[in-house]
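Novice: Sharing final.cif, mmCIF, C-alpha atoms:
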data_run
loop_
_atom_site.label_atom_id
_atom_site.label_comp_id
_atom_site.auth_asym_id
_atom_site.auth_seq_id
_atom_site.Cartn_x
_atom_site.Cartn_y
_atom_site.Cartn_z
CA MET Q 1 -92.00 129.22 87.60
CA LYS Q 2 -88.92 129.09 89.82
CA THR Q 3 -88.19 125.95 91.83
CA VAL Q 4 -86.76 126.12 95.35
CA ASN Q 5 -85.63 123.09 97.31
CA ILE Q 6 -85.91 123.29 101.09
CA TYR Q 7 -84.07 120.80 103.31
CA THR Q 8 -85.07 120.83 106.99
CA ASP Q 9 -84.16 119.09 110.19
CA GLY Q 10 -84.83 119.36 113.89
CA ALA Q 11 -82.87 118.17 116.89
CA CYS Q 12 -83.57 117.89 120.58
CA SER Q 13 -81.00 116.92 123.19
CA GLY Q 14 -82.85 115.29 126.07
CA ASN Q 15 -86.06 115.07 124.02
CA GLN Q 16 -88.15 113.24 126.63
CA ASN Q 17 -86.94 115.29 129.61
CA ASP Q 18 -88.72 118.32 131.07
CA GLU Q 19 -85.60 120.41 130.49
CA ASN Q 20 -83.90 120.02 127.15
CA LEU Q 21 -82.28 121.87 124.29
CA GLY Q 22 -83.77 121.97 120.81
CA GLY Q 23 -82.44 123.22 117.51
CA TRP Q 24 -83.67 123.49 113.96
CA GLY Q 25 -81.91 124.02 110.66
CA ALA Q 26 -82.86 124.59 107.05
CA VAL Q 27 -81.10 124.94 103.73
CA LEU Q 28 -82.93 126.84 100.99
CA GLU Q 29 -81.61 126.12 97.50
CA TYR Q 30 -82.38 128.00 94.31
CA GLY Q 31 -80.10 126.85 91.50
CA PRO Q 32 -76.54 127.43 92.71
CA HIS Q 33 -77.67 129.73 95.55
CA LEU Q 34 -77.93 128.47 99.13
CA LYS Q 35 -79.34 130.17 102.19
CA LYS Q 36 -78.71 128.47 105.52
CA ILE Q 37 -80.71 129.30 108.64
CA PHE Q 38 -80.92 127.84 112.12
CA GLY Q 39 -82.26 128.55 115.56
CA ALA Q 40 -82.86 127.06 118.97
CA GLU Q 41 -85.39 126.74 121.74
CA LYS Q 42 -85.27 125.42 125.28
CA ASN Q 43 -87.70 122.84 126.63
CA THR Q 44 -89.22 121.67 123.39
CA THR Q 45 -89.54 118.43 121.42
CA ASN Q 46 -87.90 117.03 118.34
CA ASN Q 47 -91.19 117.18 116.42
CA ARG Q 48 -91.64 120.86 117.29
CA MET Q 49 -88.13 121.57 116.02
CA GLU Q 50 -88.81 119.67 112.78
CA MET Q 51 -91.92 121.79 112.24
CA THR Q 52 -90.19 125.02 113.25
CA ALA Q 53 -87.45 124.39 110.68
CA LEU Q 54 -90.03 124.33 107.89
CA ILE Q 55 -91.97 127.31 109.30
CA GLU Q 56 -88.80 129.41 109.46
CA ALA Q 57 -87.70 128.30 105.99
CA LEU Q 58 -91.05 129.38 104.55
CA ASN Q 59 -90.88 132.65 106.48
CA ALA Q 60 -87.47 133.28 104.91
CA MET Q 61 -88.87 133.07 101.38
CA LYS Q 62 -89.18 136.40 99.58
CA GLU Q 63 -91.44 135.18 96.77
CA LYS Q 64 -94.60 133.10 96.79
CA ASP Q 65 -95.04 132.21 93.11
CA LEU Q 66 -92.72 129.22 93.37
CA VAL Q 67 -92.57 125.48 93.10
CA LEU Q 68 -91.27 124.16 96.42
CA ASN Q 69 -89.69 120.78 97.07
CA ILE Q 70 -89.58 120.08 100.80
CA PHE Q 71 -87.14 117.40 102.00
CA SER Q 72 -87.20 116.17 105.60
CA ASP Q 73 -86.31 113.08 107.57
CA SER Q 74 -89.37 113.65 109.77
CA ALA Q 75 -92.07 111.09 108.97
CA TYR Q 76 -94.34 113.09 111.31
CA LEU Q 77 -93.96 116.22 109.17
CA ILE Q 78 -93.95 114.63 105.72
CA ASP Q 79 -96.74 112.13 106.41
CA CYS Q 80 -99.04 114.87 107.65
CA PHE Q 81 -98.96 116.40 104.17
CA THR Q 82 -98.58 113.36 101.93
CA LYS Q 83 -101.27 111.42 103.80
CA LYS Q 84 -103.34 114.58 104.42
CA TRP Q 85 -103.77 113.98 108.15
CA TYR Q 86 -104.49 117.68 108.62
CA LEU Q 87 -107.78 117.41 106.70
CA ASN Q 88 -109.21 114.97 109.25
CA TRP Q 89 -107.74 116.93 112.15
CA LYS Q 90 -109.47 120.10 111.01
CA ARG Q 91 -112.73 118.28 110.26
CA ASN Q 92 -112.64 116.63 113.72
CA GLY Q 93 -111.98 119.85 115.62
CA TRP Q 94 -108.24 119.20 115.90
CA MET Q 95 -108.74 115.75 117.37
CA THR Q 96 -106.88 112.65 116.18
CA SER Q 97 -108.64 109.52 114.98
CA GLY Q 98 -108.04 108.23 118.53
CA LYS Q 99 -110.10 111.17 119.88
CA LYS Q 100 -107.06 112.86 121.46
CA PRO Q 101 -106.05 116.49 120.87
CA VAL Q 102 -103.58 116.92 118.02
CA GLU Q 103 -100.12 117.57 119.39
CA ASN Q 104 -98.44 120.79 118.29
CA LYS Q 105 -101.72 122.28 117.06
CA ASP Q 106 -100.28 125.79 117.36
CA LEU Q 107 -97.46 124.97 114.94
CA TRP Q 108 -99.69 123.00 112.56
CA ILE Q 109 -102.02 125.99 112.25
CA ARG Q 110 -99.07 128.30 111.46
CA LEU Q 111 -97.58 125.81 109.04
CA LEU Q 112 -100.82 125.15 107.18
CA ALA Q 113 -101.38 128.90 106.74
CA LEU Q 114 -97.87 129.26 105.26
CA ILE Q 115 -98.27 126.24 102.97
CA GLU Q 116 -101.46 127.71 101.51
CA GLU Q 117 -99.47 130.71 100.22
CA TYR Q 118 -97.63 128.60 97.64
CA PRO Q 119 -99.18 127.28 94.42
CA PHE Q 120 -97.25 124.02 94.24
CA ILE Q 121 -95.45 122.12 97.00
CA ARG Q 122 -94.09 118.58 96.94
CA PHE Q 123 -93.06 116.83 100.14
CA HIS Q 124 -90.24 114.28 100.10
CA ARG Q 125 -89.03 112.02 102.87
CA ILE Q 126 -85.34 111.23 103.24
CA LYS Q 127 -83.53 108.97 105.68
CA GLY Q 128 -81.59 111.18 108.05
CA HIS Q 129 -78.00 110.90 109.18
CA LEU Q 130 -76.71 108.94 106.21
CA ASN Q 131 -72.95 108.79 105.80
CA PRO Q 132 -72.15 109.05 102.07
CA ALA Q 133 -68.92 107.08 102.69
CA LYS Q 134 -71.00 104.01 103.58
CA LYS Q 135 -72.08 103.24 100.02
CA ASP Q 136 -73.97 100.03 100.88
CA MET Q 137 -76.23 101.91 103.32
CA VAL Q 138 -76.67 104.85 100.95
CA ASP Q 139 -77.63 102.45 98.15
CA LYS Q 140 -80.11 100.63 100.41
CA TRP Q 141 -81.77 103.89 101.44
CA TYR Q 142 -81.90 105.09 97.83
CA GLU Q 143 -84.33 102.27 97.13
CA LYS Q 144 -86.41 103.30 100.15
CA PHE Q 145 -86.23 106.95 99.05
CA LYS Q 146 -87.68 105.97 95.67
CA ALA Q 147 -90.39 103.90 97.36
CA TRP Q 148 -91.36 106.92 99.48
CA ASN Q 149 -91.05 109.57 96.77
CA GLY Q 150 -91.28 107.93 93.35
CA ASN Q 151 -88.69 107.16 90.71
CA ASP Q 152 -88.15 110.72 89.47
CA PHE Q 153 -84.86 111.13 91.33
CA THR Q 154 -81.55 110.06 89.82
CA TYR Q 155 -78.94 108.56 92.10
CA GLU Q 156 -76.84 111.73 91.73
CA THR Q 157 -79.81 113.88 92.76
CA TYR Q 158 -80.43 111.59 95.72
CA LEU Q 159 -76.80 111.97 96.84
CA HIS Q 160 -77.23 115.75 96.68
CA VAL Q 161 -80.40 115.49 98.79
CA VAL Q 162 -78.48 113.39 101.33
CA GLU Q 163 -75.73 116.02 101.44
CA MET Q 164 -78.19 118.88 101.93
CA ASN Q 165 -80.15 116.93 104.57
CA ASN Q 166 -76.91 116.34 106.46
CA GLU Q 167 -76.24 120.09 106.25
CA ALA Q 168 -79.70 120.85 107.69
CA ASP Q 169 -78.93 118.37 110.50
CA ALA Q 170 -75.61 120.11 111.20
CA LEU Q 171 -77.43 123.45 111.37
CA ALA Q 172 -79.99 122.03 113.83
CA ASN Q 173 -77.15 120.78 116.01
CA LYS Q 174 -75.52 124.21 115.75
CA GLY Q 175 -78.76 125.59 117.19
CA VAL Q 176 -78.61 123.14 120.10
CA ASP Q 177 -74.94 124.01 120.69
CA SER Q 178 -75.77 127.74 120.77
CA LEU Q 179 -77.87 127.10 123.89
CA ARG Q 180 -74.97 125.34 125.61
CA GLU Q 181 -72.62 128.33 125.29
#
Using the file provided, produce a representation of the structure as structure tokens.
Specialist:
Amino acid sequence: MKTVNIYTDGACSGNQNDENLGGWGAVLEYGPHLKKIFGAEKNTTNNRMEMTALIEALNAMKEKDLVLNIFSDSAYLIDCFTKKWYLNWKRNGWMTSGKKPVENKDLWIRLLALIEEYPFIRFHRIKGHLNPAKKDMVDKWYEKFKAWNGNDFTYETYLHVVEMNNEADALANKGVDSLRE
């Protein structure tokens, strides 16, 4: 079965304001092949852009019989799947454990439907905005990356993930910038 790595990021300039600019970016990687996509939305939130990046990446896939590795710096996105928050949300009528409506329910429903189309998906959290030139910080976050995701990643693989995550971030910012033009 083919393996595809998907690196996603969202951005929102003025995130807590009523009027803001949001962008999302994703890098899809199959072997040496890369596909880069991005987009933008006005008056949104960073979390919505993080989710939209993954939704659009999955929509861009041409095949379903794949192993997918999803990499994101969004704890909100990754934790929902690794900690299976969505199971309780669905069971509780889309209410949180605090008895409040789940935020972004519309996107969660779309995302969960897309996720179900793939036989095997692994979710991986990465620290965003790492500068590879700052080796001490990169090394520190490598240990955290392994704590979050297990010890299956070599340091070289981790550096590649950092590079691709930074590319997804740049694409998200390109989305934001497209709204400023």
Novice: From the options Q:Asp106, Q:Glu63, Q:Glu116, Q:Asp18, which residue's atoms come nearest to Q:Lys2, counting all atoms listed in the file?
Specialist: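 The shortest atom-to-atom distance to Q:Lys2 comes from Q:Glu63.
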Novice: Counting only C-alpha atoms, which residues sit no farther than 6 Å from the position (-95.6, 121.2, 113.8) in the file's frame? I'd like them as a PyMOL selection string.
Specialist: chain Q and resi 48+51+104+107-108
Novice: How big is the axis-aligned box around all listed atoms of stretch 105-124 of chain Q once 4 Å goes on each side, and where's its centre, in Å to one decimal, as AutoDock Vina command-line options?
Specialist:
--center_x -96.1 --center_y 122.5 --center_z 105.8 --size_x 19.8 --size_y 24.4 --size_z 31.1
Novice: Quick one: which residues end up in the PyMOL selection byres ((chain Q and resi 158) around 12) for this structure, as a ChimeraX atom specification?
Specialist: /Q:71,124-127,130,132,138-146,149-157,159-165
Novice: When you draw a straight line from atom CA of Q:Gly25 to atom CA of Q:Met61, how long is it in Å?
Specialist: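 About the pair atom CA of Q:Gly25 and atom CA of Q:Met61: they are 14.7 Å apart.
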Novice: Please measure the separation of atom CA of Q:Tyr118 and atom CA of Q:Lys64, giving the value in Å to one decimal.
Specialist: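 It comes out at 5.5 Å.
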Novice: Have a look at Q:Lys42, Q:Lys83, Q:Arg91, Q:Lys36 and name the one nearest to Q:Phe123; count only C-alpha atoms.
Specialist: Q:Lys83
Novice: Need to verify the contact set: Q:Trp85, 12 Å, only C-alpha atoms, exclusion of same-chain residues closer than 3 positions in sequence. Can you return it as a PyMOL selection string?
Specialist: chain Q and resi 76-82+88-92+94-97+102+108+112
Novice: Output C-alpha atoms of each residue in that selection to a file, as a PDB file, in the frame of the given file.
Specialist:
ATOM      1  CA  TYR Q  76     -94.340 113.090 111.310  1.00  0.00           C
ATOM      2  CA  LEU Q  77     -93.960 116.220 109.170  1.00  0.00           C
ATOM      3  CA  ILE Q  78     -93.950 114.630 105.720  1.00  0.00           C
ATOM      4  CA  ASP Q  79     -96.740 112.130 106.410  1.00  0.00           C
ATOM      5  CA  CYS Q  80     -99.040 114.870 107.650  1.00  0.00           C
ATOM      6  CA  PHE Q  81     -98.960 116.400 104.170  1.00  0.00           C
ATOM      7  CA  THR Q  82     -98.580 113.360 101.930  1.00  0.00           C
ATOM      8  CA  ASN Q  88    -109.210 114.970 109.250  1.00  0.00           C
ATOM      9  CA  TRP Q  89    -107.740 116.930 112.150  1.00  0.00           C
ATOM     10  CA  LYS Q  90    -109.470 120.100 111.010  1.00  0.00           C
ATOM     11  CA  ARG Q  91    -112.730 118.280 110.260  1.00  0.00           C
ATOM     12  CA  ASN Q  92    -112.640 116.630 113.720  1.00  0.00           C
ATOM     13  CA  TRP Q  94    -108.240 119.200 115.900  1.00  0.00           C
ATOM     14  CA  MET Q  95    -108.740 115.750 117.370  1.00  0.00           C
ATOM     15  CA  THR Q  96    -106.880 112.650 116.180  1.00  0.00           C
ATOM     16  CA  SER Q  97    -108.640 109.520 114.980  1.00  0.00           C
ATOM     17  CA  VAL Q 102    -103.580 116.920 118.020  1.00  0.00           C
ATOM     18  CA  TRP Q 108     -99.690 123.000 112.560  1.00  0.00           C
ATOM     19  CA  LEU Q 112    -100.820 125.150 107.180  1.00  0.00           C
TER      20      LEU Q 112
END
Novice: Mind pulling up the distance from atom CA of Q:Ser74 to atom CA of Q:Gly23?
Specialist: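 Rounded to one decimal, the two atoms are 14.1 Å apart.
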Novice: When the PyMOL selection byres ((chain Q and resi 37) around 9) is applied to the file above, which residues end up in the set, as a ChimeraX atom specification?
Specialist: /Q:24-28,35-36,38-39,53,56-57,60,168,171-172
Novice: Please supply stretch 110-131 of chain Q, rebuilt with N, CA and C atoms, as a compact mmCIF listing (two decimals), keeping the file's coordinate frame.
Specialist:
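After the write, result_35.txt holds the following:
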# COMPACT_ATOMS: atom_id res chain seq x y z
N ARG Q 110 -100.01 127.37 112.12
CA ARG Q 110 -99.07 128.30 111.46
C ARG Q 110 -98.54 127.72 110.16
N LEU Q 111 -98.16 126.45 110.21
CA LEU Q 111 -97.58 125.81 109.04
C LEU Q 111 -98.59 125.68 107.90
N LEU Q 112 -99.80 125.28 108.21
CA LEU Q 112 -100.82 125.15 107.18
C LEU Q 112 -101.13 126.50 106.53
N ALA Q 113 -101.15 127.57 107.31
CA ALA Q 113 -101.38 128.90 106.74
C ALA Q 113 -100.24 129.28 105.79
N LEU Q 114 -99.01 128.96 106.14
CA LEU Q 114 -97.87 129.26 105.26
C LEU Q 114 -97.91 128.42 103.99
N ILE Q 115 -98.22 127.15 104.12
CA ILE Q 115 -98.27 126.24 102.97
C ILE Q 115 -99.29 126.73 101.94
N GLU Q 116 -100.40 127.25 102.41
CA GLU Q 116 -101.46 127.71 101.51
C GLU Q 116 -101.03 128.89 100.63
N GLU Q 117 -99.94 129.56 100.98
CA GLU Q 117 -99.47 130.71 100.22
C GLU Q 117 -98.72 130.32 98.94
N TYR Q 118 -98.43 129.05 98.78
CA TYR Q 118 -97.63 128.60 97.64
C TYR Q 118 -98.48 127.76 96.70
N PRO Q 119 -98.33 127.98 95.38
CA PRO Q 119 -99.18 127.28 94.42
C PRO Q 119 -98.87 125.80 94.26
N PHE Q 120 -97.61 125.42 94.49
CA PHE Q 120 -97.25 124.02 94.24
C PHE Q 120 -96.14 123.60 95.19
N ILE Q 121 -96.44 122.64 96.05
CA ILE Q 121 -95.45 122.12 97.00
C ILE Q 121 -95.46 120.60 96.92
N ARG Q 122 -94.26 120.03 96.87
CA ARG Q 122 -94.09 118.58 96.94
C ARG Q 122 -93.29 118.26 98.20
N PHE Q 123 -93.73 117.25 98.91
CA PHE Q 123 -93.06 116.83 100.14
C PHE Q 123 -92.35 115.52 99.89
N HIS Q 124 -91.08 115.46 100.33
CA HIS Q 124 -90.24 114.28 100.10
C HIS Q 124 -89.59 113.85 101.40
N ARG Q 125 -89.67 112.56 101.67
CA ARG Q 125 -89.03 112.02 102.87
C ARG Q 125 -87.67 111.47 102.51
N ILE Q 126 -86.71 111.71 103.41
CA ILE Q 126 -85.34 111.23 103.24
C ILE Q 126 -84.89 110.60 104.55
N LYS Q 127 -84.12 109.57 104.47
CA LYS Q 127 -83.53 108.97 105.68
C LYS Q 127 -82.47 109.93 106.19
N GLY Q 128 -82.55 110.26 107.46
CA GLY Q 128 -81.59 111.18 108.05
C GLY Q 128 -80.30 110.50 108.45
N HIS Q 129 -79.28 111.31 108.62
CA HIS Q 129 -78.00 110.90 109.18
C HIS Q 129 -77.28 109.83 108.36
N LEU Q 130 -77.42 109.90 107.06
CA LEU Q 130 -76.71 108.94 106.21
C LEU Q 130 -75.28 109.42 105.98
N ASN Q 131 -74.36 108.50 106.07
CA ASN Q 131 -72.95 108.79 105.80
C ASN Q 131 -72.66 108.39 104.36
